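Heads up, the thing below is written out as structure tokens.
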4 protein chains.
Amino acid sequence: MINIAILGASGYTGFELLRILANHPNARITEATSRQYKGKTVPDVFPSLRGFYDGLVFSDPEDFKRIRVDAVFSALPHGASQEVVPALLEADNRVIDLSADFRLRDDSVYRAWYGEHKADFLLKEAVYGLPELYREPIKDALLVANPGCYPTGAILALSPLLKEGLIDTDSVIVDSKSGVSGAGRGANLDTSYVEVSSGFKAYKVGSHRHAPEIEQELSVQAGVPVSVTFTPHLIPASRGILSTAYANLKKSVATAELHNIYAESYGKEPFVRVLPEGKFPDISQVRGSNFCDIGLFADGKRKKVIVVSAIDNLVKGASGQAVQNMNIMYWLKEDTALNLPPISI
Amino acid sequence: MINIAILGASGYTGFELLRILANHPNARITEATSRQYKGKTVPDVFPSLRGFYDGLVFSDPEDFKRIRVDAVFSALPHGASQEVVPALLEADNRVIDLSADFRLRDDSVYRAWYGEHKADFLLKEAVYGLPELYREPIKDALLVANPGCYPTGAILALSPLLKEGLIDTDSVIVDSKSGVSGAGRGANLDTSYVEVSSGFKAYKVGSHRHAPEIEQELSVQAGVPVSVTFTPHLIPASRGILSTAYANLKKSVATAELHNIYAESYGKEPFVRVLPEGKFPDISQVRGSNFCDIGLFADGKRKKVIVVSAIDNLVKGASGQAVQNMNIMYWLKEDTALNLPPISI
Amino acid sequence: MINIAILGASGYTGFELLRILANHPNARITEATSRQYKGKTVPDVFPSLRGFYDGLVFSDPEDFKRIRVDAVFSALPHGASQEVVPALLEADNRVIDLSADFRLRDDSVYRAWYGEHKADFLLKEAVYGLPELYREPIKDALLVANPGCYPTGAILALSPLLKEGLIDTDSVIVDSKSGVSGAGRGANLDTSYVEVSSGFKAYKVGSHRHAPEIEQELSVQAGVPVSVTFTPHLIPASRGILSTAYANLKKSVATAELHNIYAESYGKEPFVRVLPEGKFPDISQVRGSNFCDIGLFADGKRKKVIVVSAIDNLVKGASGQAVQNMNIMYWLKEDTALNLPPISI
Amino acid sequence: MINIAILGASGYTGFELLRILANHPNARITEATSRQYKGKTVPDVFPSLRGFYDGLVFSDPEDFKRIRVDAVFSALPHGASQEVVPALLEADNRVIDLSADFRLRDDSVYRAWYGEHKADFLLKEAVYGLPELYREPIKDALLVANPGCYPTGAILALSPLLKEGLIDTDSVIVDSKSGVSGAGRGANLDTSYVEVSSGFKAYKVGSHRHAPEIEQELSVQAGVPVSVTFTPHLIPASRGILSTAYANLKKSVATAELHNIYAESYGKEPFVRVLPEGKFPDISQVRGSNFCDIGLFADGKRKKVIVVSAIDNLVKGASGQAVQNMNIMYWLKEDTALNLPPISI
């Protein structure tokens, strides 16, 4: 039995870890921290979980130094994670960090987008936790940097094209749309029901912090620097990210050929579903699940390729992927607790 | 031209007053206050109003004493309104108060539900601003207490039955469902998109402050005390209140007969639409409008009557009714600026 | 391994059976019929299930006579079920029928609400599949009549009160609100997104077919006839039923006392969660799960009781309850494949 | 008073014409046809309009030949419009056609995307009804081809860039997202509430019929052929289109400079609102109104420009624009009946 601690467990990614792990036969949550709700039980804060963690009381995140478990999931915000991860590692916990703190390998890029880093010596050590690209190193990782939600969908959509050298590396556009839960759990006028429910908008145009993360990983795949124009939008739905990616093909490629390339890349992946030609993903079809669905179209006339991917931002885009990483780290079947159908309606 | 000031103009009822009055040929807003947004222009806060009030800057509500206009709409919360209304009246403004401060005539009832009252000498003077019941006194009122959103729908649904003495006065149940905007504009986890969007719940069961207001007005109609069991619920929609009211019939009455009674009561009302037999209202069919739609059913076998009413909580349940009151007070056509179709889709 | 056939598997309750049973270790679906989609694979029709039933092809429902499995779930509409159930039973299949065809024990009541019955000799034989009331007979049942969605929530909310004789049997009002999936899967203007998405309405006021089913079961509990005023409403959400039930208390009872009664009734039930005093259910907190959450309030002054229950109409209100019944019929752990947390956000 | 006939008045664009024109002081609807609802009154079909057109009965569209009014709005589907427009023109009606039938000037392009044309002799005569580009010819037009919803948003977003020659004409990408009402009114599983409400997807990738219409008009502005990659998506909202357009800048241009260019292009337009730097549109901020809001960003590093536009697809994208065209054709104030604030919440 793997003993688990969750830091910052009362946000949406924390909730999602609780929800998913309730169904995990080899893991047990022994600690869950929450600054805001310390002293309360899980069902006090999440009534849907009544009957599952009735005895689990949120503890004070200040006491993190005494934590000795097998795996710690840190669902703290960026900035806060870097303050606790070094001590957690020193105390022999393996850490899966869901924040942005250890995703960027280049500390100057981190500083440019997020500010100072208090544990930058760990940046090179952390493994980027996208199993489809880094399965082997994840197995032995002490610190896994769980990918961002937008980057997960964008990188899975585009990396086969870049690995194969099929597209111009300065032509990549990622037009992404996310459900509201991506903004986190909290009191906020901007994500209140009335403000959001019949709206749809672009935000942080040209300035979202997930752009450098996408560029970093696509550049690794391409072997040369890749430049990405990234525009996030807000969908009036709780969960889901759909990313529509565009790029210029270096040479004409048929849609069927693209399908072969993607089938080869992802054929053995338990959580990537390449859809049949002519079919495109819908966020509802992956909801609550760890799947990433991908659809493809090559526009021969315009020499452009369009790739659409869909994930549940809280699952494959956060907590499900974190559990997938844990399963890999502990040599369990990779889909343990994650082999459930989406709840599409 | 009627000069208007709106106090607390950056909430949803404030927004709605701005939206409705943009279309009023005889009124002009010369002042709008907002503690949170003072110094900002209207379109800074409400981008949808760009082009309508570009020069109007939210002013500091502390400066209320210098206000000299024709009509003041107070969209301040209860408790705050009573602090400014006496001075506003003294300065010869007529006041339409959208808070609960002057709706209850009995100061002991006010204290029991809301706490101390700092201007209780005005309770007897204020006119309850439901035109269908108080049109004549509204004409000359200096202070109009604009009804609560739930009470508006409930009272219009039930008052003909009580006026006619058709139902047991201790059998009234009002099961109401409101859109989220009824909770006001602000940063609040409980009304955030993710928490609310696929939910539906009862709240404040047995303890909502609108119950005594409904009882007060139905008792006036009945001529004897009426007891109301009132349960509010939250709909995952921005606007609208649907109230389903139940009562025991004293004697058997056919649905058609009920229709005649309601047709008589409301036949000349510009904003009450009694639907044909077999038809029941939908909040979408009144959205954005000042209408109250009513449907009726008499269950002969069980000797029960079911009346369903629908309003837009921000319009007939708040700002539209306030403008209707203003039109009456200034002897304008009662539907001025309010004679627009609902935006039902 | 229990072999399963699902008739009418391409509707929402069929989908939900597929979704839930994908996770069942002791059951396997060997046949799924669909008139509309015969010849297509499950993922052709339900893309979310890609990877789960890729080899399962919808078969022609006309061929039902050759079906020889352990348990048949009939998700056919009422009227159609009664045409196939006799033959299925004769061929030694046990049947769990999700339609209304075998829920009413009195054939004259059936005829009054649904029309002629072609297999009325089975009405007395069928067991009403609400485990909380009929667990023992379900164990040996050959034909289980799976309860209606509204009746499940209403009966669980009210039966302890009637069993204990606490309320007037002619005072019961059930004001229910259902998500749109309750209307079934199909092309229908009335349930199209644009018509429904910002609406809320009552429908079939005084004439919904679930009323006699609720009355039948509450009367059994009471030991005398119970009359129920039942009003269904449509929530702009896909899943969930919230029922707010009202009744007159015969004598004054404190809320705490009611809690004790409900705790006693449901304390050992795996799927009924009686909420702490002051807490009321929300459909989002049971979504995707087989739970029924219940909240209680006694209004001492008015001698009324208010009970609120929430279920997922497709799970506890249909397919989850059907699987619960199957688990009971085959002496499995009752929560097999159903012991997952709700997906509340 | 302008006499109006609406053909196909029971769809969403028909409803919207009824809604908008209820508020028009110079127009009166004398005829409204509907195949499906002929013989019914307007409030029978659209209960929200009760009180506005109670005496107006939907007539049989087969009888179109006898129509003699001033302006006919044809809200028939493409293919059907071309069958009636020649006769309507011959009978001296001026026609504003909301279908796609007369938008494409090149009959071979029409045939390639829509099939045969029965009135192609009118293609060159029709005026493309985008007032911002064709105000003068609209004044005298006998036949106005009201633009498509996607094209309206896309063309207004991009035409200043092409007119000024600032971008590469083969680099244009338009990633558009539309509310569900764009699919029209009807019984359709694909647009049913349950299928759509928590989803988001791309559709008709690389094959939507609005692509050639966008290319036609942008090519006119550019003076050379423009190639557009166009991807439509479905938003879980009733109204609104947001288009995010990308293009490669020929030379580096600052965002402020772009603002000047757009301010110049649209400064006098009553319905185009260019938002301040750093602000981007939201479909909710234009809902129910005829506005097109535009936000701009120039990515100097990547030499790309991002333009985001938002319209209400039923108003500026259809019926509002049609009324705007009518106002121009009859020399009325252009914003008559359209000068209302959006209903943003």
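Residue numbers start at 1 in each chain; chains themselves are named A, B, ... in the order of the structure tokens; ligands are numbered from 1 in the order shown.
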
*With a cut-off of 7 Å and counting only C-alpha atoms, select all residues of chain B in contact with chain A and give the selection as an NGL selection string.*
:B and (180-181 or 186-189 or 191-194 or 196-197 or 238)

*In segment 143-322 of chain A, what's helix (DSSP H, G or I) per DSSP? Answer as an MDAnalysis selection string?*
chainID A and resid 149:163 180:183 189:191 193:196 210:222 255:266 283:286 315:322

*Could you give me, as a VMD selection string, the residues within 12 Å of Ser284 of chain D, counting only C-alpha atoms and dropping anything in the same chain fewer than 4 positions from it?*
(chain A and resid 194 to 201 234 to 236) or (chain B and resid 46 to 49 238) or (chain D and resid 179 237 to 242 280 288 to 289 291 to 293 310 to 313 341 to 345)

*So which bits of segment 134-226 of chain B end up strand (DSSP E) when you DSSP the backbone, as a PyMOL selection string?*
chain B and resi 143-145+172-178+201-202

*Name all residues at most 8 Å from segment 121-129 of chain C (count only C-alpha atoms; drop same-chain ones fewer than 3 positions away) and give them as a list in words.*
Phe102, Arg103, Leu104, Arg105, Asp106, Asp107, Tyr134, Arg135, Pro137, Ile138, Ala141, Leu142, Leu143, Val144, Ala145, Asn146, Pro147, Gln321, Ala322 and Asn325 of chain C
